[in-house]
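Enquirer: Sharing entry.cif below, mmCIF, C-alpha atoms and all ligand atoms:
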data_model
#
loop_
_atom_site.group_PDB
_atom_site.id
_atom_site.type_symbol
_atom_site.label_atom_id
_atom_site.label_comp_id
_atom_site.auth_asym_id
_atom_site.auth_seq_id
_atom_site.Cartn_x
_atom_site.Cartn_y
_atom_site.Cartn_z
ATOM 1 C CA MET Y 10 0.000 0.000 0.000
ATOM 2 C CA SER Y 11 1.466 3.334 -0.923
ATOM 3 C CA ALA Y 12 0.294 6.584 0.578
ATOM 4 C CA PRO Y 13 -0.042 9.577 -1.707
ATOM 5 C CA THR Y 14 3.076 11.678 -1.552
ATOM 6 C CA ILE Y 15 3.905 15.307 -2.048
ATOM 7 C CA ASP Y 16 6.921 15.110 -4.279
ATOM 8 C CA PRO Y 17 9.262 18.035 -3.563
ATOM 9 C CA THR Y 18 11.541 17.249 -6.487
ATOM 10 C CA THR Y 19 9.348 18.075 -9.441
ATOM 11 C CA THR Y 20 9.550 21.576 -10.832
ATOM 12 C CA THR Y 21 6.079 22.381 -12.125
ATOM 13 C CA THR Y 22 4.797 25.389 -10.216
ATOM 14 C CA ARG Y 23 1.030 24.912 -10.567
ATOM 15 C CA THR Y 24 -1.134 21.864 -10.956
ATOM 16 C CA THR Y 25 -2.734 21.756 -14.360
ATOM 17 C CA GLU Y 26 -6.059 20.623 -12.938
ATOM 18 C CA THR Y 27 -6.535 23.799 -10.935
ATOM 19 C CA THR Y 28 -9.993 25.285 -10.842
ATOM 20 C CA VAL Y 29 -10.732 28.614 -9.278
ATOM 21 C CA GLY Y 30 -13.604 29.876 -7.215
ATOM 22 C CA THR Y 31 -15.183 30.057 -3.824
ATOM 23 C CA GLY Y 32 -15.793 26.691 -2.247
ATOM 24 C CA GLY Y 33 -13.620 24.919 -4.800
ATOM 25 C CA ARG Y 34 -11.778 21.730 -4.095
ATOM 26 C CA PRO Y 35 -10.281 21.695 -0.643
ATOM 27 C CA VAL Y 36 -6.801 23.117 -0.315
ATOM 28 C CA ILE Y 37 -6.840 22.868 3.469
ATOM 29 C CA GLU Y 38 -8.606 20.133 5.434
ATOM 30 C CA LEU Y 39 -8.125 20.113 9.173
ATOM 31 C CA ASP Y 40 -9.624 17.400 11.297
ATOM 32 C CA GLY Y 41 -9.425 17.686 15.067
ATOM 33 C CA LEU Y 42 -6.210 19.651 14.819
ATOM 34 C CA THR Y 43 -4.673 20.029 18.258
ATOM 35 C CA LYS Y 44 -1.465 21.668 19.395
ATOM 36 C CA THR Y 45 -0.135 21.459 22.921
ATOM 37 C CA TYR Y 46 2.969 23.343 23.961
ATOM 38 C CA ASP Y 47 4.770 21.438 26.661
ATOM 39 C CA LEU Y 48 6.399 23.822 29.111
ATOM 40 C CA GLY Y 49 7.764 21.322 31.597
ATOM 41 C CA SER Y 50 5.343 21.275 34.521
ATOM 42 C CA VAL Y 51 2.500 22.901 32.552
ATOM 43 C CA SER Y 52 1.244 22.409 29.062
ATOM 44 C CA VAL Y 53 -0.695 24.942 27.019
ATOM 45 C CA ARG Y 54 -3.347 23.649 24.667
ATOM 46 C CA ALA Y 55 -3.104 26.380 22.020
ATOM 47 C CA LEU Y 56 -5.370 24.558 19.559
ATOM 48 C CA ASP Y 57 -8.059 22.207 20.751
ATOM 49 C CA GLY Y 58 -9.583 20.144 17.972
ATOM 50 C CA VAL Y 59 -9.946 22.498 15.006
ATOM 51 C CA THR Y 60 -11.903 21.036 12.128
ATOM 52 C CA LEU Y 61 -11.991 23.283 9.090
ATOM 53 C CA ARG Y 62 -12.066 23.105 5.343
ATOM 54 C CA ILE Y 63 -10.863 25.862 3.010
ATOM 55 C CA GLY Y 64 -11.505 25.551 -0.698
ATOM 56 C CA GLU Y 65 -9.360 26.506 -3.637
ATOM 57 C CA GLY Y 66 -9.657 30.207 -4.401
ATOM 58 C CA ASP Y 67 -11.214 31.112 -1.051
ATOM 59 C CA LEU Y 68 -10.350 34.247 0.896
ATOM 60 C CA VAL Y 69 -10.827 33.417 4.562
ATOM 61 C CA ALA Y 70 -10.162 35.614 7.577
ATOM 62 C CA ILE Y 71 -9.216 33.851 10.783
ATOM 63 C CA THR Y 72 -9.903 36.135 13.667
ATOM 64 C CA GLY Y 73 -10.181 36.066 17.436
ATOM 65 C CA PRO Y 74 -8.675 37.659 20.517
ATOM 66 C CA SER Y 75 -4.997 37.690 21.366
ATOM 67 C CA GLY Y 76 -3.853 34.290 22.625
ATOM 68 C CA SER Y 77 -6.733 32.410 20.978
ATOM 69 C CA GLY Y 78 -4.411 30.291 18.824
ATOM 70 C CA LYS Y 79 -4.351 32.156 15.504
ATOM 71 C CA SER Y 80 -0.579 32.191 15.055
ATOM 72 C CA THR Y 81 -0.333 28.585 16.180
ATOM 73 C CA LEU Y 82 -2.853 27.710 13.473
ATOM 74 C CA MET Y 83 -0.869 29.712 10.902
ATOM 75 C CA HIS Y 84 2.315 27.840 11.824
ATOM 76 C CA LEU Y 85 0.587 24.499 11.386
ATOM 77 C CA LEU Y 86 -1.071 25.544 8.106
ATOM 78 C CA GLY Y 87 2.316 26.754 6.856
ATOM 79 C CA CYS Y 88 4.058 23.487 7.783
ATOM 80 C CA LEU Y 89 6.301 25.506 10.095
ATOM 81 C CA ASP Y 90 5.252 23.287 12.998
ATOM 82 C CA VAL Y 91 3.527 19.942 13.415
ATOM 83 C CA PRO Y 92 0.322 19.205 15.343
ATOM 84 C CA THR Y 93 0.166 17.205 18.577
ATOM 85 C CA ALA Y 94 -2.989 15.452 17.358
ATOM 86 C CA GLY Y 95 -5.425 15.576 14.482
ATOM 87 C CA SER Y 96 -4.703 15.727 10.781
ATOM 88 C CA TYR Y 97 -3.862 18.302 8.143
ATOM 89 C CA ARG Y 98 -4.369 17.542 4.501
ATOM 90 C CA LEU Y 99 -2.889 20.088 2.106
ATOM 91 C CA ALA Y 100 -4.243 19.811 -1.437
ATOM 92 C CA GLY Y 101 -5.595 16.385 -0.562
ATOM 93 C CA HIS Y 102 -2.437 14.998 0.991
ATOM 94 C CA ASP Y 103 -1.709 14.307 4.630
ATOM 95 C CA VAL Y 104 1.422 16.247 5.544
ATOM 96 C CA ALA Y 105 2.121 14.111 8.660
ATOM 97 C CA PRO Y 106 4.449 11.624 6.950
ATOM 98 C CA LEU Y 107 6.652 14.334 5.448
ATOM 99 C CA ASP Y 108 10.153 14.799 6.845
ATOM 100 C CA PRO Y 109 11.562 18.282 7.516
ATOM 101 C CA ASP Y 110 13.170 18.564 4.067
ATOM 102 C CA ALA Y 111 9.939 17.606 2.332
ATOM 103 C CA LEU Y 112 7.991 20.086 4.491
ATOM 104 C CA ALA Y 113 10.482 22.797 3.559
ATOM 105 C CA ALA Y 114 9.975 21.988 -0.103
ATOM 106 C CA VAL Y 115 6.179 22.116 0.298
ATOM 107 C CA ARG Y 116 6.485 25.519 1.984
ATOM 108 C CA ASN Y 117 8.762 26.812 -0.717
ATOM 109 C CA ARG Y 118 6.689 25.646 -3.667
ATOM 110 C CA HIS Y 119 3.106 25.846 -2.441
ATOM 111 C CA ILE Y 120 2.857 28.531 0.226
ATOM 112 C CA GLY Y 121 3.625 32.237 0.325
ATOM 113 C CA PHE Y 122 3.999 33.862 3.748
ATOM 114 C CA VAL Y 123 3.344 37.428 4.868
ATOM 115 C CA PHE Y 124 4.130 38.327 8.482
ATOM 116 C CA GLN Y 125 3.309 41.302 10.666
ATOM 117 C CA GLN Y 126 7.014 42.193 11.049
ATOM 118 C CA PHE Y 127 7.690 41.899 7.287
ATOM 119 C CA HIS Y 128 10.791 39.686 7.891
ATOM 120 C CA LEU Y 129 12.797 41.299 5.116
ATOM 121 C CA LEU Y 130 16.581 41.014 5.198
ATOM 122 C CA ALA Y 131 17.878 44.509 5.958
ATOM 123 C CA THR Y 132 21.088 44.207 3.959
ATOM 124 C CA LEU Y 133 19.396 43.111 0.749
ATOM 125 C CA THR Y 134 17.656 45.339 -1.773
ATOM 126 C CA ALA Y 135 13.958 44.839 -2.479
ATOM 127 C CA TRP Y 136 14.459 42.611 -5.513
ATOM 128 C CA ARG Y 137 17.100 40.539 -3.706
ATOM 129 C CA ASN Y 138 14.601 39.928 -0.905
ATOM 130 C CA VAL Y 139 11.906 38.987 -3.397
ATOM 131 C CA GLU Y 140 14.118 36.531 -5.294
ATOM 132 C CA LEU Y 141 15.027 34.531 -2.163
ATOM 133 C CA PRO Y 142 12.289 31.866 -2.454
ATOM 134 C CA LEU Y 143 13.387 31.323 -6.063
ATOM 135 C CA LEU Y 144 17.001 30.990 -4.941
ATOM 136 C CA TYR Y 145 15.966 28.282 -2.483
ATOM 137 C CA ALA Y 146 13.984 26.629 -5.264
ATOM 138 C CA GLY Y 147 17.091 26.484 -7.455
ATOM 139 C CA VAL Y 148 15.876 28.891 -10.136
ATOM 140 C CA GLU Y 149 18.705 30.297 -12.247
ATOM 141 C CA ARG Y 150 19.849 33.867 -11.598
ATOM 142 C CA GLY Y 151 18.572 35.638 -14.716
ATOM 143 C CA GLU Y 152 15.099 34.174 -14.302
ATOM 144 C CA ARG Y 153 15.124 35.009 -10.595
ATOM 145 C CA ARG Y 154 15.801 38.662 -11.275
ATOM 146 C CA GLU Y 155 13.188 38.820 -14.017
ATOM 147 C CA ARG Y 156 10.488 37.191 -11.865
ATOM 148 C CA ALA Y 157 11.390 39.309 -8.829
ATOM 149 C CA LEU Y 158 10.992 42.468 -10.896
ATOM 150 C CA VAL Y 159 7.631 41.274 -12.255
ATOM 151 C CA ALA Y 160 6.454 40.575 -8.692
ATOM 152 C CA LEU Y 161 7.604 44.006 -7.517
ATOM 153 C CA ASP Y 162 5.774 45.562 -10.445
ATOM 154 C CA ARG Y 163 2.596 43.729 -9.364
ATOM 155 C CA VAL Y 164 2.771 45.391 -5.966
ATOM 156 C CA GLY Y 165 3.504 48.783 -7.532
ATOM 157 C CA LEU Y 166 7.153 48.963 -6.477
ATOM 158 C CA ALA Y 167 9.076 48.455 -9.722
ATOM 159 C CA ASP Y 168 10.805 51.775 -9.102
ATOM 160 C CA ARG Y 169 12.005 50.692 -5.646
ATOM 161 C CA ALA Y 170 13.697 47.434 -6.690
ATOM 162 C CA GLY Y 171 17.136 48.695 -5.703
ATOM 163 C CA HIS Y 172 16.127 50.110 -2.315
ATOM 164 C CA ARG Y 173 16.918 48.417 0.969
ATOM 165 C CA PRO Y 174 14.117 47.920 3.532
ATOM 166 C CA GLY Y 175 15.424 50.803 5.667
ATOM 167 C CA GLU Y 176 14.862 53.130 2.713
ATOM 168 C CA LEU Y 177 11.198 52.115 2.384
ATOM 169 C CA SER Y 178 8.092 52.978 4.401
ATOM 170 C CA GLY Y 179 6.346 50.276 6.436
ATOM 171 C CA GLY Y 180 3.650 49.926 3.805
ATOM 172 C CA GLN Y 181 6.247 49.614 1.049
ATOM 173 C CA GLN Y 182 8.162 46.998 3.051
ATOM 174 C CA GLN Y 183 5.010 44.954 3.457
ATOM 175 C CA ARG Y 184 4.340 45.233 -0.283
ATOM 176 C CA VAL Y 185 7.872 43.886 -0.886
ATOM 177 C CA ALA Y 186 6.970 41.021 1.464
ATOM 178 C CA VAL Y 187 3.793 40.385 -0.560
ATOM 179 C CA ALA Y 188 5.906 40.337 -3.738
ATOM 180 C CA ARG Y 189 8.203 37.773 -2.088
ATOM 181 C CA ALA Y 190 5.140 35.698 -1.120
ATOM 182 C CA LEU Y 191 3.795 35.612 -4.667
ATOM 183 C CA VAL Y 192 7.029 35.288 -6.675
ATOM 184 C CA THR Y 193 6.853 31.483 -6.639
ATOM 185 C CA GLU Y 194 3.198 31.576 -7.776
ATOM 186 C CA PRO Y 195 2.056 29.582 -4.717
ATOM 187 C CA GLU Y 196 -1.471 28.188 -4.534
ATOM 188 C CA LEU Y 197 -1.813 29.323 -0.926
ATOM 189 C CA ILE Y 198 -0.933 32.625 0.719
ATOM 190 C CA LEU Y 199 -0.852 32.788 4.513
ATOM 191 C CA ALA Y 200 -0.816 36.251 6.050
ATOM 192 C CA ASP Y 201 -0.498 36.623 9.854
ATOM 193 C CA GLU Y 202 -1.527 40.115 10.991
ATOM 194 C CA PRO Y 203 -0.141 41.592 7.744
ATOM 195 C CA THR Y 204 -1.537 45.024 8.536
ATOM 196 C CA GLY Y 205 -0.734 44.991 12.249
ATOM 197 C CA ASN Y 206 2.151 47.454 11.886
ATOM 198 C CA LEU Y 207 0.661 49.633 9.160
ATOM 199 C CA ASP Y 208 -1.202 52.937 9.071
ATOM 200 C CA SER Y 209 -4.667 52.977 7.550
ATOM 201 C CA ALA Y 210 -3.530 54.015 4.047
ATOM 202 C CA SER Y 211 -0.926 51.226 3.893
ATOM 203 C CA THR Y 212 -3.431 48.786 5.390
ATOM 204 C CA ALA Y 213 -5.820 49.563 2.537
ATOM 205 C CA GLU Y 214 -3.037 49.049 -0.031
ATOM 206 C CA VAL Y 215 -1.939 45.707 1.368
ATOM 207 C CA LEU Y 216 -5.526 44.441 1.705
ATOM 208 C CA GLY Y 217 -6.177 45.600 -1.853
ATOM 209 C CA LEU Y 218 -3.202 43.540 -3.024
ATOM 210 C CA LEU Y 219 -4.437 40.448 -1.206
ATOM 211 C CA GLU Y 220 -7.876 40.956 -2.747
ATOM 212 C CA ASP Y 221 -6.281 41.234 -6.210
ATOM 213 C CA LEU Y 222 -4.448 37.964 -5.619
ATOM 214 C CA HIS Y 223 -7.716 36.381 -4.494
ATOM 215 C CA ALA Y 224 -9.398 37.665 -7.663
ATOM 216 C CA GLY Y 225 -6.570 35.995 -9.582
ATOM 217 C CA GLY Y 226 -7.460 32.632 -8.049
ATOM 218 C CA ARG Y 227 -5.118 32.376 -5.072
ATOM 219 C CA THR Y 228 -6.335 30.800 -1.854
ATOM 220 C CA ILE Y 229 -5.723 33.307 0.916
ATOM 221 C CA VAL Y 230 -5.852 32.843 4.666
ATOM 222 C CA LEU Y 231 -5.745 36.203 6.387
ATOM 223 C CA ILE Y 232 -5.149 36.117 10.116
ATOM 224 C CA THR Y 233 -6.136 39.270 11.941
ATOM 225 C CA HIS Y 234 -7.539 40.417 15.261
ATOM 226 C CA GLU Y 235 -8.847 43.615 13.614
ATOM 227 C CA PRO Y 236 -12.598 43.305 12.906
ATOM 228 C CA ASP Y 237 -12.555 45.816 10.025
ATOM 229 C CA VAL Y 238 -9.783 43.854 8.306
ATOM 230 C CA ALA Y 239 -11.615 40.557 8.847
ATOM 231 C CA ALA Y 240 -14.769 42.115 7.424
ATOM 232 C CA ARG Y 241 -13.054 42.415 4.017
ATOM 233 C CA ALA Y 242 -12.985 38.631 3.638
ATOM 234 C CA GLU Y 243 -15.889 36.665 2.181
ATOM 235 C CA ARG Y 244 -15.674 34.184 5.039
ATOM 236 C CA THR Y 245 -14.687 34.711 8.653
ATOM 237 C CA VAL Y 246 -13.677 32.012 11.090
ATOM 238 C CA VAL Y 247 -13.571 33.099 14.729
ATOM 239 C CA ILE Y 248 -11.176 31.213 17.008
ATOM 240 C CA ARG Y 249 -11.623 31.288 20.779
ATOM 241 C CA ASP Y 250 -9.531 29.305 23.238
ATOM 242 C CA GLY Y 251 -8.097 27.205 20.447
ATOM 243 C CA ARG Y 252 -11.471 26.206 19.015
ATOM 244 C CA VAL Y 253 -13.614 27.301 16.104
ATOM 245 C CA HIS Y 254 -16.161 29.540 17.808
ATOM 246 C CA HIS Y 255 -17.956 30.663 14.664
ATOM 247 C CA ASP Y 256 -17.539 30.034 10.942
ATOM 248 C CA SER Y 257 -19.536 32.259 8.609
ATOM 249 C CA GLY Y 258 -18.890 29.793 5.774
ATOM 250 C CA ALA Y 259 -19.879 26.667 7.693
ATOM 251 C CA ALA Y 260 -23.193 26.380 5.867
ATOM 252 C CA ALA Y 261 -22.032 27.469 2.415
ATOM 253 C CA GLY Y 262 -19.697 25.009 0.809
ATOM 254 C CA ALA Y 263 -17.248 24.905 3.660
ATOM 255 C CA GLY Y 264 -18.488 21.683 5.194
ATOM 256 C CA PRO Y 265 -17.267 18.188 4.491
ATOM 257 C CA GLY Y 266 -16.587 17.685 0.818
ATOM 258 C CA PRO Y 267 -14.707 15.425 -1.564
ATOM 259 C CA THR Y 268 -11.384 14.379 -0.163
ATOM 260 C CA ALA Y 269 -10.484 11.942 -2.883
ATOM 261 C CA ASP Y 270 -6.880 11.614 -3.898
ATOM 262 C CA ARG Y 271 -6.063 14.180 -6.558
ATOM 263 C CA GLY Y 272 -2.722 12.655 -7.420
ATOM 264 C CA VAL Y 273 0.721 13.937 -6.668
ATOM 265 C CA VAL Y 274 0.979 17.583 -5.698
ATOM 266 C CA ARG Y 275 3.552 19.055 -8.029
ATOM 267 C CA PRO Y 276 5.556 21.662 -6.190
HETATM 268 P P1 LIG C 301 -2.732 34.390 18.837
HETATM 269 O O1 LIG C 301 -1.902 34.405 17.613
HETATM 270 O O2 LIG C 301 -4.192 34.217 18.592
HETATM 271 O O3 LIG C 301 -2.471 35.594 19.710
HETATM 272 P P2 LIG C 301 -1.045 32.175 19.687
HETATM 273 O O4 LIG C 301 -1.266 31.077 18.738
HETATM 274 O O5 LIG C 301 0.184 32.989 19.506
HETATM 275 O O6 LIG C 301 -2.349 33.108 19.726
HETATM 276 O O7 LIG C 301 -1.049 31.593 21.170
HETATM 277 C C1 LIG C 301 -2.036 30.697 21.651
HETATM 278 C C2 LIG C 301 -1.641 30.198 23.033
HETATM 279 O O8 LIG C 301 -0.480 29.383 22.948
HETATM 280 C C3 LIG C 301 -1.291 31.318 24.004
HETATM 281 O O9 LIG C 301 -1.701 30.918 25.282
HETATM 282 C C4 LIG C 301 0.216 31.374 23.935
HETATM 283 O O10 LIG C 301 0.755 31.879 25.124
HETATM 284 C C5 LIG C 301 0.591 29.940 23.687
HETATM 285 N N1 LIG C 301 1.825 29.776 22.880
HETATM 286 C C6 LIG C 301 1.998 30.200 21.620
HETATM 287 N N2 LIG C 301 3.222 29.866 21.166
HETATM 288 C C7 LIG C 301 3.815 29.197 22.181
HETATM 289 C C8 LIG C 301 5.099 28.574 22.341
HETATM 290 N N3 LIG C 301 5.995 28.546 21.350
HETATM 291 N N4 LIG C 301 5.363 27.983 23.535
HETATM 292 C C9 LIG C 301 4.459 27.992 24.516
HETATM 293 N N5 LIG C 301 3.237 28.546 24.445
HETATM 294 C C10 LIG C 301 2.910 29.157 23.291
HETATM 295 MG MG MG C 302 -0.697 35.877 16.742
#
Would it be possible to restate this file's structure as structure tokens?
Ligand code: ADP
Ligand code: MG
Expert:
Amino acid sequence: MSAPTIDPTTTTTRTTETTVGTGGRPVIELDGLTKTYDLGSVSVRALDGVTLRIGEGDLVAITGPSGSGKSTLMHLLGCLDVPTAGSYRLAGHDVAPLDPDALAAVRNRHIGFVFQQFHLLATLTAWRNVELPLLYAGVERGERRERALVALDRVGLADRAGHRPGELSGGQQQRVAVARALVTEPELILADEPTGNLDSASTAEVLGLLEDLHAGGRTIVLITHEPDVAARAERTVVIRDGRVHHDSGAAAGAGPGPTADRGVVRP
């Protein structure tokens, strides 16, 4: 018996069978996802049995108070950490059997990350920051530069390609981070409090970019504790004490659906 595998060695960037739209085939399927942090004498149950399905092309806001488990969920969704219990199927494939190298490859090829603190490298210019995921993916230099410049153009920063983060505003730095998230053309973009450090004008710009990416067919999970930011998403999932407290999409196409094997995920 052979389990379906996510093969990190193939080079195709998108599956050819991709369809786009709200409530499409599941990209994310969580079943009883639980995460306990063991702190010696005490353990903290940060996630307590989260069951959730997010379809291809969805834009979902995950919201809830500070400490409710949002970032823990983002780390698990992004294969940056592994659950204590429960399962996570990404594009139809259980990620549990994957070793750290395979998880790194899945992250690199399938997922784009945007963080509150931008996480840009201060010594590198904008385009050098944006090309990094392509460098890790083994893309050749000329193509890296070309694709980085295209991505910067998509976020309206073609004229800032040679600037270092310290020479850019917070909003511009976050747009560089969005360019870095999309340069590999990932199916899934995970954004954890992407507007948390931005003024209202920059917040509107970054949310506009995420909405453009959603319109282009990307699946986007937007984590935010700001109700007005969450309100921009078509579906809102509220997390409280590590559990799904409310899911506005629970009745509309977000429930249990086909989980049949869709073949090898081609990173
Ligand atoms: P949120 O992002 O919603 O603010 P987190 O996922 O960061 O929530 O945290 C959820 C709970 O897990 C909190 O009680 C937090 O203190 C705890 N927690 C988060 N990360 C760790 C960690 N690495 N070690 C121990 N406890 C953690
Ligand atoms: Mg958080």
Enquirer: Residues of chain Y that have any atom at most 7 Å from an atom of ligand MG 302 (chain C): could you tabulate them with the shortest-distance atom pair and the distance in Å to one decimal, using all atoms listed in the file, ordered by chain and increasing number, as CSV?
Expert:
residue,atom,partner,partner_atom,distance
Y:Ser75,CA,C:MG302,MG,6.6
Y:Gly76,CA,C:MG302,MG,6.9
Y:Lys79,CA,C:MG302,MG,5.4
Y:Ser80,CA,C:MG302,MG,4.1
Y:Asp201,CA,C:MG302,MG,6.9
Enquirer: Once you have the residues from the selection above, write them out as a CSV table (one decimal), in the frame of the given file, restricted to C-alpha atoms.
Expert:
chain,number,residue,atom,x,y,z
Y,75,SER,CA,-5.0,37.7,21.4
Y,76,GLY,CA,-3.9,34.3,22.6
Y,79,LYS,CA,-4.4,32.2,15.5
Y,80,SER,CA,-0.6,32.2,15.1
Y,201,ASP,CA,-0.5,36.6,9.9
Enquirer: Please report as JSON lines every residue of chain Y lying within 7 Å of ligand LIG 301 (chain C), along with the nearest atom pair and their distance in Å (one decimal), using all atoms listed in the file.
Expert:
{"residue": "Y:Tyr46", "atom": "CA", "partner": "C:LIG301", "partner_atom": "C9", "distance": 4.9}
{"residue": "Y:Asp47", "atom": "CA", "partner": "C:LIG301", "partner_atom": "C9", "distance": 6.9}
{"residue": "Y:Leu48", "atom": "CA", "partner": "C:LIG301", "partner_atom": "C9", "distance": 6.5}
{"residue": "Y:Val53", "atom": "CA", "partner": "C:LIG301", "partner_atom": "N5", "distance": 5.9}
{"residue": "Y:Arg54", "atom": "CA", "partner": "C:LIG301", "partner_atom": "O8", "distance": 6.6}
{"residue": "Y:Ala55", "atom": "CA", "partner": "C:LIG301", "partner_atom": "O8", "distance": 4.1}
{"residue": "Y:Gly73", "atom": "CA", "partner": "C:LIG301", "partner_atom": "O2", "distance": 6.4}
{"residue": "Y:Pro74", "atom": "CA", "partner": "C:LIG301", "partner_atom": "O2", "distance": 6.0}
{"residue": "Y:Ser75", "atom": "CA", "partner": "C:LIG301", "partner_atom": "O3", "distance": 3.7}
{"residue": "Y:Gly76", "atom": "CA", "partner": "C:LIG301", "partner_atom": "O6", "distance": 3.5}
{"residue": "Y:Ser77", "atom": "CA", "partner": "C:LIG301", "partner_atom": "O2", "distance": 3.9}
{"residue": "Y:Gly78", "atom": "CA", "partner": "C:LIG301", "partner_atom": "O4", "distance": 3.2}
{"residue": "Y:Lys79", "atom": "CA", "partner": "C:LIG301", "partner_atom": "O2", "distance": 3.7}
{"residue": "Y:Ser80", "atom": "CA", "partner": "C:LIG301", "partner_atom": "O1", "distance": 3.6}
{"residue": "Y:Thr81", "atom": "CA", "partner": "C:LIG301", "partner_atom": "O4", "distance": 3.7}
{"residue": "Y:Leu82", "atom": "CA", "partner": "C:LIG301", "partner_atom": "O4", "distance": 6.4}
Enquirer: Evaluate the PyMOL selection byres (((chain Y and resi 240) around 12) and not hetatm) here and jot the selected residues down as a ChimeraX atom specification.
Expert: /Y:68-72,216,231-239,241-247,257
Enquirer: Run the PyMOL selection byres (((chain Y and resi 132) around 12) and not hetatm) on the file and write out the hits as a PyMOL selection string.
Expert: chain Y and resi 128-131+133-138+171-176
Enquirer: Using the chain letters and numbers from the file, which residues does the PyMOL selection byres (((chain Y and resi 207) around 12) and not hetatm) grab, as a PDB file with C-alpha atoms, in the frame of the given file?
Expert:
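result_10.pdb, written as the output of this step:
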ATOM      1  CA  PHE Y 124       4.130  38.327   8.482  1.00  0.00           C
ATOM      2  CA  GLN Y 125       3.309  41.302  10.666  1.00  0.00           C
ATOM      3  CA  GLN Y 126       7.014  42.193  11.049  1.00  0.00           C
ATOM      4  CA  PHE Y 127       7.690  41.899   7.287  1.00  0.00           C
ATOM      5  CA  SER Y 178       8.092  52.978   4.401  1.00  0.00           C
ATOM      6  CA  GLY Y 179       6.346  50.276   6.436  1.00  0.00           C
ATOM      7  CA  GLY Y 180       3.650  49.926   3.805  1.00  0.00           C
ATOM      8  CA  GLN Y 181       6.247  49.614   1.049  1.00  0.00           C
ATOM      9  CA  GLN Y 182       8.162  46.998   3.051  1.00  0.00           C
ATOM     10  CA  GLN Y 183       5.010  44.954   3.457  1.00  0.00           C
ATOM     11  CA  ARG Y 184       4.340  45.233  -0.283  1.00  0.00           C
ATOM     12  CA  GLU Y 202      -1.527  40.115  10.991  1.00  0.00           C
ATOM     13  CA  PRO Y 203      -0.141  41.592   7.744  1.00  0.00           C
ATOM     14  CA  THR Y 204      -1.537  45.024   8.536  1.00  0.00           C
ATOM     15  CA  GLY Y 205      -0.734  44.991  12.249  1.00  0.00           C
ATOM     16  CA  ASN Y 206       2.151  47.454  11.886  1.00  0.00           C
ATOM     17  CA  ASP Y 208      -1.202  52.937   9.071  1.00  0.00           C
ATOM     18  CA  SER Y 209      -4.667  52.977   7.550  1.00  0.00           C
ATOM     19  CA  ALA Y 210      -3.530  54.015   4.047  1.00  0.00           C
ATOM     20  CA  SER Y 211      -0.926  51.226   3.893  1.00  0.00           C
ATOM     21  CA  THR Y 212      -3.431  48.786   5.390  1.00  0.00           C
ATOM     22  CA  ALA Y 213      -5.820  49.563   2.537  1.00  0.00           C
ATOM     23  CA  GLU Y 214      -3.037  49.049  -0.031  1.00  0.00           C
ATOM     24  CA  VAL Y 215      -1.939  45.707   1.368  1.00  0.00           C
ATOM     25  CA  LEU Y 216      -5.526  44.441   1.705  1.00  0.00           C
ATOM     26  CA  VAL Y 238      -9.783  43.854   8.306  1.00  0.00           C
TER      27      VAL Y 238
END
Enquirer: Which residue, Y:Gly64, Y:Val148, Y:Asp57, Y:His254, has the smallest gap to Ile229 of chain Y when you use all atoms listed in the file?
Expert: Y:Gly64
Enquirer: Mind running segment 28-96 of chain Y against segment 104-110 of chain Y at 9 Å and telling me each contacting residue's nearest atom pair with the distance in Å (one decimal), counting only C-alpha atoms, chain and number ascending, as a Markdown table?
Expert:
| residue | atom | partner | partner_atom | distance |
| --- | --- | --- | --- | --- |
| Y:Cys88 | CA | Y:Val104 | CA | 8.0 |
| Y:Val91 | CA | Y:Ala105 | CA | 7.7 |
| Y:Pro92 | CA | Y:Ala105 | CA | 8.6 |
| Y:Ser96 | CA | Y:Ala105 | CA | 7.3 |
Enquirer: Which of these, Y:Gly225, Y:Gly33, Y:Gly95, Y:Gly101, has the shortest distance to Asp67 of chain Y once you count only C-alpha atoms?
Expert: Y:Gly33
Enquirer: In terms of the shortest atom-to-atom distance over all atoms listed in the file, which of Y:Ala190, Y:Ala146, Y:Val139, Y:Ala94 is closest to Ala167 of chain Y?
Expert: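 Under the stated criterion, the closest residue is Y:Val139.
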Enquirer: May I ask for the distance between atom CA of Arg252 of chain Y and atom CA of Glu220 of chain Y, given in Å to one decimal place?
Expert: 26.5 Å
Enquirer: Will you model N, CA and C atoms for segment 142-148 of chain Y and pass it back as a compact mmCIF listing (two decimals), keeping the file's coordinate frame?
Expert:
# COMPACT_ATOMS: atom_id res chain seq x y z
N PRO Y 142 12.94 33.17 -2.31
CA PRO Y 142 12.29 31.87 -2.45
C PRO Y 142 12.68 31.15 -3.75
N LEU Y 143 12.98 31.93 -4.79
CA LEU Y 143 13.39 31.32 -6.06
C LEU Y 143 14.81 30.77 -5.97
N LEU Y 144 15.64 31.47 -5.19
CA LEU Y 144 17.00 30.99 -4.94
C LEU Y 144 16.95 29.63 -4.25
N TYR Y 145 16.10 29.55 -3.20
CA TYR Y 145 15.97 28.28 -2.48
C TYR Y 145 15.40 27.20 -3.39
N ALA Y 146 14.60 27.60 -4.36
CA ALA Y 146 13.98 26.63 -5.26
C ALA Y 146 14.93 26.24 -6.40
N GLY Y 147 16.11 26.86 -6.44
CA GLY Y 147 17.09 26.48 -7.46
C GLY Y 147 16.88 27.11 -8.82
N VAL Y 148 16.11 28.21 -8.86
CA VAL Y 148 15.88 28.89 -10.14
C VAL Y 148 17.14 29.67 -10.51
